[in-house]
>>> print(open('coords-v2.txt').read())   # compact mmCIF, C-alpha atoms (C1' of nucleotides)
# COMPACT_ATOMS: atom_id res chain seq x y z
CA MET A 15 0.00 0.00 0.00
CA GLN A 16 2.35 2.62 -1.10
CA PRO A 17 1.00 5.73 -2.67
CA ALA A 18 2.23 6.21 -6.15
CA SER A 19 4.69 8.99 -6.17
CA SER A 20 3.41 10.19 -9.50
CA MET A 21 0.06 10.94 -7.96
CA VAL A 22 1.34 13.07 -5.15
CA PRO A 23 0.86 16.75 -5.71
CA PRO A 24 4.15 18.59 -5.91
CA PRO A 25 4.90 20.88 -2.99
CA MET A 26 5.82 23.74 -5.22
CA ALA A 27 7.24 23.29 -8.63
CA ALA A 28 6.91 24.93 -11.96
CA ALA A 29 4.43 23.08 -14.08
CA PRO A 30 6.14 21.47 -17.04
CA GLN A 31 5.02 22.17 -20.52
CA TYR A 32 2.37 19.61 -21.23
CA GLN A 33 0.72 18.82 -24.44
CA GLN A 34 -2.79 19.94 -24.91
CA GLN A 35 -4.07 16.45 -24.63
CA TRP A 36 -2.89 13.35 -22.93
CA MET A 37 -3.65 9.79 -23.77
CA PRO A 38 -2.03 6.46 -23.17
CA GLN A 39 0.63 5.28 -25.47
CA GLN A 40 -1.20 2.10 -26.26
CA PRO A 41 -4.97 2.18 -26.34
CA GLN A 42 -5.37 -1.53 -25.71
CA GLN A 43 -2.78 -1.85 -23.03
CA ALA A 44 -3.56 -4.59 -20.58
CA GLN A 45 -3.03 -2.73 -17.34
CA PRO A 46 -1.14 0.45 -16.72
CA ALA A 47 1.46 0.64 -14.03
CA TYR A 48 -0.49 3.29 -12.24
CA GLN A 49 -3.71 2.22 -10.69
CA VAL A 50 -6.25 4.27 -8.91
CA PRO A 51 -8.48 2.67 -6.34
CA PRO A 52 -12.14 2.80 -7.24
CA PRO A 53 -14.23 5.49 -5.63
CA GLN A 54 -15.55 4.75 -2.22
CA GLN A 55 -19.05 3.47 -2.57
CA SER A 56 -20.23 4.72 0.72
CA GLY A 57 -23.65 3.31 0.14
CA TYR A 58 -25.64 6.42 0.64
CA TYR A 59 -29.30 5.99 1.15
CA TYR A 60 -30.14 8.00 -1.90
CA GLN A 61 -28.45 5.66 -4.29
CA GLN A 62 -31.03 4.15 -6.49
CA PRO A 63 -30.76 1.02 -8.58
CA PRO A 64 -30.50 1.42 -12.31
CA PRO A 65 -33.78 1.49 -14.15
CA GLN A 66 -34.78 -1.66 -15.84
CA GLY A 67 -37.11 -2.38 -18.65
CA GLY A 68 -35.93 -0.79 -21.81
CA ALA A 69 -32.28 -0.07 -21.44
CA PRO A 70 -29.92 -3.03 -21.64
CA PRO A 71 -27.45 -3.50 -18.81
CA PRO A 72 -24.28 -1.48 -19.26
CA GLN A 73 -21.97 -4.43 -19.53
CA GLN A 74 -19.74 -5.29 -22.39
CA GLN A 75 -22.17 -3.90 -24.81
CA GLN A 76 -20.03 -3.65 -27.84
CA GLN A 77 -21.30 -1.11 -30.19
CA SER A 78 -20.09 -0.97 -33.67
CA GLN A 79 -16.41 -0.24 -33.71
CA CYS A 80 -16.58 3.26 -34.95
CA THR A 81 -13.47 3.42 -37.01
CA ALA A 82 -13.49 6.18 -39.49
CA SER A 83 -16.65 7.39 -41.08
CA ALA A 84 -18.87 6.90 -38.07
CA ALA A 85 -17.47 9.78 -36.12
CA GLN A 86 -20.21 12.24 -36.77
CA PRO A 87 -22.32 13.02 -33.76
CA THR A 88 -25.80 13.53 -34.97
CA SER A 89 -27.50 14.00 -31.66
CA ALA A 90 -26.85 14.56 -28.00
CA ASP A 91 -26.80 10.81 -27.52
CA GLU A 92 -23.37 10.67 -29.03
CA ILE A 93 -21.69 12.83 -26.42
CA ARG A 94 -18.82 10.92 -24.91
CA THR A 95 -17.05 13.74 -23.10
CA LEU A 96 -17.43 14.88 -19.54
CA TRP A 97 -16.65 18.30 -18.21
CA ILE A 98 -14.66 18.42 -14.96
CA GLY A 99 -14.27 21.44 -12.76
CA ASP A 100 -12.71 22.67 -9.53
CA LEU A 101 -9.30 21.43 -10.59
CA GLN A 102 -6.20 22.32 -8.64
CA PHE A 103 -3.23 23.87 -10.36
CA TRP A 104 -1.19 20.68 -10.05
CA MET A 105 -3.83 18.45 -11.57
CA ASP A 106 -2.47 17.76 -15.03
CA GLU A 107 -3.70 15.60 -17.87
CA GLN A 108 -2.08 12.49 -16.54
CA TYR A 109 -3.61 12.96 -13.14
CA LEU A 110 -7.05 13.20 -14.69
CA TYR A 111 -6.43 10.23 -16.89
CA ASN A 112 -5.24 8.15 -13.98
CA CYS A 113 -8.40 8.96 -12.09
CA PHE A 114 -10.44 7.05 -14.67
CA ALA A 115 -7.82 4.69 -16.08
CA GLN A 116 -8.90 1.73 -14.01
CA THR A 117 -12.20 1.65 -15.82
CA GLY A 118 -10.42 1.11 -19.11
CA GLU A 119 -12.98 3.32 -20.81
CA VAL A 120 -11.24 6.65 -20.88
CA VAL A 121 -9.82 7.78 -24.18
CA SER A 122 -8.16 11.06 -23.36
CA ALA A 123 -7.93 13.77 -20.77
CA LYS A 124 -7.39 17.45 -21.27
CA VAL A 125 -6.78 20.38 -18.98
CA ILE A 126 -7.67 23.80 -20.29
CA ARG A 127 -4.77 26.15 -19.77
CA ASN A 128 -4.00 29.76 -20.24
CA LYS A 129 -2.09 30.09 -23.46
CA GLN A 130 0.38 32.55 -22.09
CA THR A 131 1.01 31.32 -18.60
CA GLN A 132 0.17 27.65 -19.19
CA GLN A 133 -1.65 27.70 -15.91
CA SER A 134 -4.70 25.57 -15.51
CA GLU A 135 -7.99 27.32 -15.91
CA GLY A 136 -9.46 25.00 -13.34
CA TYR A 137 -11.43 22.76 -15.62
CA GLY A 138 -10.94 20.16 -18.28
CA PHE A 139 -12.51 17.42 -20.37
CA ILE A 140 -12.49 13.66 -20.15
CA GLU A 141 -13.33 11.72 -23.27
CA PHE A 142 -14.60 8.16 -23.03
CA ASN A 143 -14.99 5.50 -25.63
CA SER A 144 -18.76 5.60 -25.60
CA HIS A 145 -21.68 7.58 -24.29
CA ALA A 146 -22.57 4.73 -21.95
CA ALA A 147 -19.05 4.66 -20.57
CA ALA A 148 -19.10 8.37 -19.95
CA GLU A 149 -22.39 8.08 -18.15
CA ARG A 150 -21.13 5.21 -16.03
CA ASN A 151 -18.10 7.20 -14.97
CA LEU A 152 -20.20 10.27 -14.32
CA GLN A 153 -22.46 8.33 -12.00
CA ALA A 154 -19.62 6.44 -10.34
CA TYR A 155 -17.18 9.26 -9.70
CA ASN A 156 -19.16 12.44 -9.43
CA GLY A 157 -19.16 13.60 -5.84
CA THR A 158 -16.59 11.08 -4.72
CA LEU A 159 -13.18 11.92 -3.38
CA MET A 160 -10.43 12.68 -5.83
CA PRO A 161 -7.10 10.90 -5.28
CA ASN A 162 -4.64 12.46 -2.85
CA ILE A 163 -6.79 15.40 -1.96
CA GLU A 164 -9.81 16.01 0.19
CA GLN A 165 -11.88 17.26 -2.67
CA ASN A 166 -14.76 15.79 -4.57
CA PHE A 167 -15.04 15.22 -8.27
CA ARG A 168 -17.21 17.81 -9.94
CA LEU A 169 -18.27 16.25 -13.19
CA ASN A 170 -20.89 17.07 -15.74
CA TRP A 171 -21.66 16.45 -19.34
CA ALA A 172 -19.64 18.51 -21.75
CA SER A 173 -22.46 20.42 -23.31
CA LEU A 174 -21.24 23.59 -24.89
CA GLY A 175 -18.48 22.08 -26.95
CA SER A 176 -20.63 19.70 -28.88
CA GLY A 177 -23.36 21.90 -30.11
CA GLU A 178 -26.70 22.57 -28.61
CA LYS A 179 -27.75 20.97 -25.43
CA ARG A 180 -31.34 20.20 -24.80
CA SER A 181 -32.76 23.39 -23.52
CA ASP A 182 -34.24 23.47 -20.10
CA ASN A 183 -37.93 23.53 -19.87
CA GLY A 184 -38.97 26.70 -18.21
CA PRO A 185 -37.61 28.87 -15.45
CA GLU A 186 -35.80 27.78 -12.34
CA TYR A 187 -36.42 28.59 -8.73
CA THR A 188 -33.43 28.47 -6.45
CA ILE A 189 -33.10 28.29 -2.70
CA PHE A 190 -30.11 28.92 -0.51
CA VAL A 191 -29.00 26.11 1.77
CA GLY A 192 -26.57 26.86 4.56
CA ASP A 193 -25.01 25.06 7.51
CA LEU A 194 -23.94 22.20 5.32
CA ALA A 195 -21.47 19.64 6.61
CA ALA A 196 -18.13 19.31 4.94
CA ASP A 197 -18.94 15.98 3.34
CA VAL A 198 -22.11 17.11 1.58
CA THR A 199 -21.73 16.93 -2.17
CA ASP A 200 -23.76 18.27 -5.05
CA TYR A 201 -25.33 14.91 -5.62
CA MET A 202 -26.06 14.32 -1.97
CA LEU A 203 -27.80 17.63 -1.60
CA GLN A 204 -29.70 17.15 -4.83
CA GLU A 205 -30.98 13.71 -3.94
CA THR A 206 -31.92 14.80 -0.45
CA PHE A 207 -34.38 17.21 -1.96
CA ARG A 208 -35.33 15.11 -4.95
CA ALA A 209 -36.60 12.42 -2.62
CA ASN A 210 -39.38 14.79 -1.69
CA TYR A 211 -39.68 17.17 -4.59
CA SER A 212 -39.82 15.84 -8.10
CA SER A 213 -39.06 19.12 -9.79
CA VAL A 214 -35.53 19.39 -8.41
CA LYS A 215 -33.22 20.17 -11.28
CA GLY A 216 -29.88 20.20 -9.53
CA ALA A 217 -27.79 21.36 -6.62
CA LYS A 218 -24.51 23.12 -6.27
CA ILE A 219 -22.17 23.22 -3.32
CA VAL A 220 -20.09 26.36 -3.26
CA THR A 221 -16.41 25.64 -2.89
CA ASP A 222 -13.33 27.75 -2.50
CA ARG A 223 -11.66 27.98 -5.86
CA ALA A 224 -8.14 27.84 -4.45
CA THR A 225 -8.54 24.95 -2.07
CA GLY A 226 -11.58 23.16 -3.43
CA HIS A 227 -12.95 23.03 0.07
CA THR A 228 -16.61 23.56 0.70
CA LYS A 229 -17.80 26.88 2.00
CA GLY A 230 -20.62 25.23 3.86
CA TYR A 231 -23.48 26.40 1.74
CA GLY A 232 -25.03 25.72 -1.60
CA PHE A 233 -28.05 26.08 -3.82
CA VAL A 234 -30.87 23.84 -4.96
CA ARG A 235 -32.78 24.56 -8.15
CA PHE A 236 -36.41 23.67 -8.65
CA GLY A 237 -38.50 23.65 -11.75
CA ASP A 238 -41.71 24.25 -9.87
CA GLU A 239 -42.21 27.32 -7.77
CA SER A 240 -44.68 25.75 -5.41
CA GLU A 241 -42.22 23.02 -4.57
CA GLN A 242 -39.55 25.59 -3.99
CA LEU A 243 -41.75 27.41 -1.53
CA ARG A 244 -42.76 24.21 0.20
CA ALA A 245 -39.18 23.05 0.48
CA MET A 246 -38.13 26.27 2.13
CA THR A 247 -40.35 25.53 5.09
CA GLU A 248 -40.53 21.77 5.06
CA MET A 249 -36.81 21.08 4.64
CA ASN A 250 -35.54 23.79 6.93
CA GLY A 251 -33.83 22.13 9.86
CA LYS A 252 -33.88 18.72 8.21
CA PHE A 253 -30.63 16.82 8.30
CA CYS A 254 -28.37 16.45 5.35
CA SER A 255 -25.48 14.26 6.39
CA THR A 256 -24.66 15.23 9.97
CA ARG A 257 -26.04 18.74 10.24
CA PRO A 258 -29.43 20.34 9.98
CA MET A 259 -29.86 22.54 6.98
CA ARG A 260 -30.71 26.18 7.17
CA ILE A 261 -32.69 27.25 4.16
CA GLY A 262 -33.38 30.69 2.86
CA PRO A 263 -34.29 32.44 -0.35
CA ALA A 264 -31.56 32.62 -2.93
CA ALA A 265 -30.46 36.05 -4.04
CA ASN A 266 -30.32 35.12 -7.66
CA LYS A 267 -28.28 37.43 -9.73
CA LYS A 268 -29.24 35.77 -12.93
CA SER A 269 -32.63 35.18 -14.45
CA ALA A 270 -34.70 33.53 -11.81
CA GLY A 271 -38.33 32.64 -12.11
CA GLY A 272 -40.44 35.47 -10.89
CA GLN A 273 -39.48 35.89 -7.32
CA MET A 274 -37.73 39.16 -7.92
CA GLN A 275 -39.88 42.17 -7.88
CA GLY A 276 -39.23 45.79 -8.51
C1' DT B 1 -21.44 32.65 9.64
C1' DG B 2 -22.67 32.35 4.36
C1' DT B 3 -25.74 34.04 -1.59
C1' DG B 4 -21.91 30.11 -7.02
C1' DA B 5 -20.57 30.42 -11.87
C1' DG B 6 -18.17 26.18 -15.19
C1' DC B 7 -17.33 24.44 -21.51
C1' DG B 8 -11.98 23.28 -25.22
C1' DC B 9 -8.53 26.84 -30.90
>>> encode(input="coords-v2.txt", output="structure tokens")
Amino acid sequence: MQPASSMVPPPMAAAPQYQQQWMPQQPQQAQPAYQVPPPQQSGYYYQQPPPQGGAPPPQQQQQSQCTASAAQPTSADEIRTLWIGDLQFWMDEQYLYNCFAQTGEVVSAKVIRNKQTQQSEGYGFIEFNSHAAAERNLQAYNGTLMPNIEQNFRLNWASLGSGEKRSDNGPEYTIFVGDLAADVTDYMLQETFRANYSSVKGAKIVTDRATGHTKGYGFVRFGDESEQLRAMTEMNGKFCSTRPMRIGPAANKKSAGGQMQG
DNA sequence: TGTGAGCGC
């Protein structure tokens, strides 16, 4: 049980000049020397079994080996890339790749950098070999601890790079949630509310950009205003993880539903 | 206690 030295963040060192994209030298390599332990399946109560009846199990479902002329995404179903945010400055392409390498489904990893300073912009993209693989990794890793740092993966579908994403249906109504414990993740907060309110669209824990540590508060977005209002009273004081939540109205600076007046 | 922000040349 020795931590791989290549995964340890450098104390302070100038970042070397990396390529814009990183991928393994051999795509069908048996097993890389570096291995990342799988994410801790803590078995949260909000984990739900995969839906059955319709979708085949995500096993070795070999799609057609898209070799050359089949690389034209015609719809959003073909998206195979995930967006990853809240990256530290030392998290390079190889670090990201190693995070998902044990699944054997990652194709490439990329950190977006400033062209002049080569410093990380704090986000990147992970490309997988199929849409199903990307979705599996999104579900498995999002909200779990990243290697060698007390910070959670913040993953999402890469939407803006591949054309139009399916537009949201209608306005959103956001609430502020404070007094959150340090281990509360986006997904945990979202599912805590979704268990009671079907119109929950998502949740966001606010983290410090420099350290990636939570600031102890976040936001939950609803699609239905009545559920937003109900949640503000019904969920106030309810426990999420180890602490009771304190809920208040969100001071939306962007287009909210209709709660702003004057 | 406290009111985010994140899409690639």
>>> interface_residues(input="coords-v2.txt", of="chain B", to="chain A", cutoff="8 Å", atoms="all atoms listed in the file", output="compact mmCIF listing (two decimals) with C-alpha atoms (C1' of nucleotides), keeping the file's coordinate frame")
# COMPACT_ATOMS: atom_id res chain seq x y z
C1' DG B 2 -22.67 32.35 4.36
C1' DT B 3 -25.74 34.04 -1.59
C1' DG B 4 -21.91 30.11 -7.02
C1' DG B 6 -18.17 26.18 -15.19
C1' DC B 7 -17.33 24.44 -21.51
C1' DG B 8 -11.98 23.28 -25.22
>>> closest_residue(input="coords-v2.txt", among="A:Arg223, A:Arg208, A:Gln242, A:Asn156", to="DA5 (chain B)", atoms="all atoms listed in the file")
A:Arg223
>>> closest_residue(input="coords-v2.txt", among="A:Leu194, A:Leu159, A:Ala147, A:Val234", to="Gly251 (chain A)", atoms="only C-alpha atoms")
A:Leu194
>>> closest_residue(input="coords-v2.txt", among="A:Gln153, A:Gln133, A:Thr158, A:Asn128", to="DC9 (chain B)", atoms="all atoms listed in the file")
A:Asn128
>>> atom_distance(input="coords-v2.txt", atom1="CA of Pro38 (chain A)", atom2="CA of Asn143 (chain A)")
13.2 Å
>>> atom_distance(input="coords-v2.txt", atom1="CA of Glu186 (chain A)", atom2="CA of Phe253 (chain A)")
23.9 Å
>>> atom_distance(input="coords-v2.txt", atom1="CA of Ser240 (chain A)", atom2="CA of Asn210 (chain A)")
12.7 Å
>>> residues_near_point(input="coords-v2.txt", point="(-18.7, 13.9, -4.4)", cutoff="9 Å", atoms="all atoms listed in the file", output="list in words")
Tyr155, Asn156, Gly157, Thr158, Leu159, Met160, Gln165, Asn166, Phe167, Arg168, Asp197, Val198, Thr199, Asp200, Tyr201 and Met202 of chain A
>>> closest_residue(input="coords-v2.txt", among="A:Glu141, A:Glu248, A:Glu241, A:Glu164", to="Ile93 (chain A)", atoms="all atoms listed in the file")
A:Glu141
>>> build_atoms(input="coords-v2.txt", residues="region 238-249 of chain A", atoms="all heavy atoms", output="mmCIF file, in the frame of the given file")
data_model
loop_
_atom_site.group_PDB
_atom_site.id
_atom_site.type_symbol
_atom_site.label_atom_id
_atom_site.label_comp_id
_atom_site.auth_asym_id
_atom_site.auth_seq_id
_atom_site.Cartn_x
_atom_site.Cartn_y
_atom_site.Cartn_z
ATOM 1 N N ASP A 238 -40.356 23.869 -10.255
ATOM 2 C CA ASP A 238 -41.710 24.250 -9.870
ATOM 3 C C ASP A 238 -41.641 25.198 -8.681
ATOM 4 O O ASP A 238 -40.997 24.907 -7.671
ATOM 5 C CB ASP A 238 -42.534 23.002 -9.506
ATOM 6 C CG ASP A 238 -43.972 23.350 -9.202
ATOM 7 O OD1 ASP A 238 -44.753 23.562 -10.142
ATOM 8 O OD2 ASP A 238 -44.308 23.426 -7.997
ATOM 9 N N GLU A 239 -42.289 26.308 -8.817
ATOM 10 C CA GLU A 239 -42.210 27.320 -7.770
ATOM 11 C C GLU A 239 -42.889 26.893 -6.487
ATOM 12 O O GLU A 239 -42.422 27.204 -5.386
ATOM 13 C CB GLU A 239 -42.817 28.636 -8.277
ATOM 14 C CG GLU A 239 -42.596 29.787 -7.315
ATOM 15 C CD GLU A 239 -43.149 31.089 -7.856
ATOM 16 O OE1 GLU A 239 -43.918 31.035 -8.835
ATOM 17 O OE2 GLU A 239 -42.814 32.140 -7.309
ATOM 18 N N SER A 240 -43.977 26.173 -6.630
ATOM 19 C CA SER A 240 -44.680 25.750 -5.410
ATOM 20 C C SER A 240 -43.836 24.776 -4.608
ATOM 21 O O SER A 240 -43.839 24.817 -3.371
ATOM 22 C CB SER A 240 -46.016 25.107 -5.792
ATOM 23 O OG SER A 240 -45.812 23.945 -6.564
ATOM 24 N N GLU A 241 -43.103 23.933 -5.302
ATOM 25 C CA GLU A 241 -42.220 23.020 -4.570
ATOM 26 C C GLU A 241 -41.067 23.764 -3.934
ATOM 27 O O GLU A 241 -40.603 23.399 -2.848
ATOM 28 C CB GLU A 241 -41.699 21.939 -5.519
ATOM 29 C CG GLU A 241 -42.750 20.937 -5.916
ATOM 30 C CD GLU A 241 -42.134 19.663 -6.455
ATOM 31 O OE1 GLU A 241 -40.955 19.685 -6.835
ATOM 32 O OE2 GLU A 241 -42.837 18.656 -6.493
ATOM 33 N N GLN A 242 -40.599 24.780 -4.595
ATOM 34 C CA GLN A 242 -39.550 25.590 -3.990
ATOM 35 C C GLN A 242 -40.032 26.217 -2.680
ATOM 36 O O GLN A 242 -39.328 26.179 -1.663
ATOM 37 C CB GLN A 242 -39.124 26.690 -4.967
ATOM 38 C CG GLN A 242 -38.123 27.672 -4.381
ATOM 39 C CD GLN A 242 -38.308 29.075 -4.891
ATOM 40 O OE1 GLN A 242 -39.390 29.440 -5.357
ATOM 41 N NE2 GLN A 242 -37.270 29.863 -4.822
ATOM 42 N N LEU A 243 -41.226 26.755 -2.727
ATOM 43 C CA LEU A 243 -41.750 27.410 -1.530
ATOM 44 C C LEU A 243 -42.013 26.397 -0.424
ATOM 45 O O LEU A 243 -41.735 26.659 0.755
ATOM 46 C CB LEU A 243 -43.040 28.159 -1.888
ATOM 47 C CG LEU A 243 -42.850 29.313 -2.890
ATOM 48 C CD1 LEU A 243 -44.195 29.929 -3.271
ATOM 49 C CD2 LEU A 243 -41.914 30.369 -2.328
ATOM 50 N N ARG A 244 -42.522 25.251 -0.804
ATOM 51 C CA ARG A 244 -42.760 24.210 0.200
ATOM 52 C C ARG A 244 -41.464 23.742 0.823
ATOM 53 O O ARG A 244 -41.357 23.533 2.036
ATOM 54 C CB ARG A 244 -43.495 23.027 -0.429
ATOM 55 C CG ARG A 244 -44.950 23.270 -0.733
ATOM 56 C CD ARG A 244 -45.789 22.012 -0.490
ATOM 57 N NE ARG A 244 -45.059 20.780 -0.758
ATOM 58 C CZ ARG A 244 -45.027 20.174 -1.932
ATOM 59 N NH1 ARG A 244 -45.677 20.702 -2.941
ATOM 60 N NH2 ARG A 244 -44.359 19.058 -2.081
ATOM 61 N N ALA A 245 -40.452 23.569 -0.016
ATOM 62 C CA ALA A 245 -39.180 23.050 0.480
ATOM 63 C C ALA A 245 -38.540 24.019 1.466
ATOM 64 O O ALA A 245 -37.844 23.610 2.401
ATOM 65 C CB ALA A 245 -38.232 22.782 -0.686
ATOM 66 N N MET A 246 -38.760 25.295 1.255
ATOM 67 C CA MET A 246 -38.130 26.270 2.130
ATOM 68 C C MET A 246 -38.624 26.139 3.566
ATOM 69 O O MET A 246 -37.896 26.440 4.515
ATOM 70 C CB MET A 246 -38.396 27.690 1.616
ATOM 71 C CG MET A 246 -37.616 27.999 0.357
ATOM 72 S SD MET A 246 -37.851 29.669 -0.209
ATOM 73 C CE MET A 246 -37.153 30.592 1.138
ATOM 74 N N THR A 247 -39.838 25.703 3.731
ATOM 75 C CA THR A 247 -40.350 25.530 5.090
ATOM 76 C C THR A 247 -40.243 24.093 5.557
ATOM 77 O O THR A 247 -39.890 23.832 6.708
ATOM 78 C CB THR A 247 -41.828 25.973 5.150
ATOM 79 O OG1 THR A 247 -42.584 25.212 4.199
ATOM 80 C CG2 THR A 247 -41.956 27.444 4.799
ATOM 81 N N GLU A 248 -40.507 23.170 4.640
ATOM 82 C CA GLU A 248 -40.530 21.770 5.060
ATOM 83 C C GLU A 248 -39.131 21.216 5.308
ATOM 84 O O GLU A 248 -38.937 20.374 6.184
ATOM 85 C CB GLU A 248 -41.236 20.918 3.994
ATOM 86 C CG GLU A 248 -42.700 21.256 3.841
ATOM 87 C CD GLU A 248 -43.322 20.498 2.691
ATOM 88 O OE1 GLU A 248 -42.601 19.791 1.969
ATOM 89 O OE2 GLU A 248 -44.549 20.636 2.510
ATOM 90 N N MET A 249 -38.161 21.652 4.533
ATOM 91 C CA MET A 249 -36.810 21.080 4.640
ATOM 92 C C MET A 249 -35.913 21.873 5.573
ATOM 93 O O MET A 249 -34.790 21.444 5.864
ATOM 94 C CB MET A 249 -36.164 20.993 3.254
ATOM 95 C CG MET A 249 -36.901 20.075 2.306
ATOM 96 S SD MET A 249 -36.916 18.365 2.855
ATOM 97 C CE MET A 249 -35.234 17.882 2.488
#
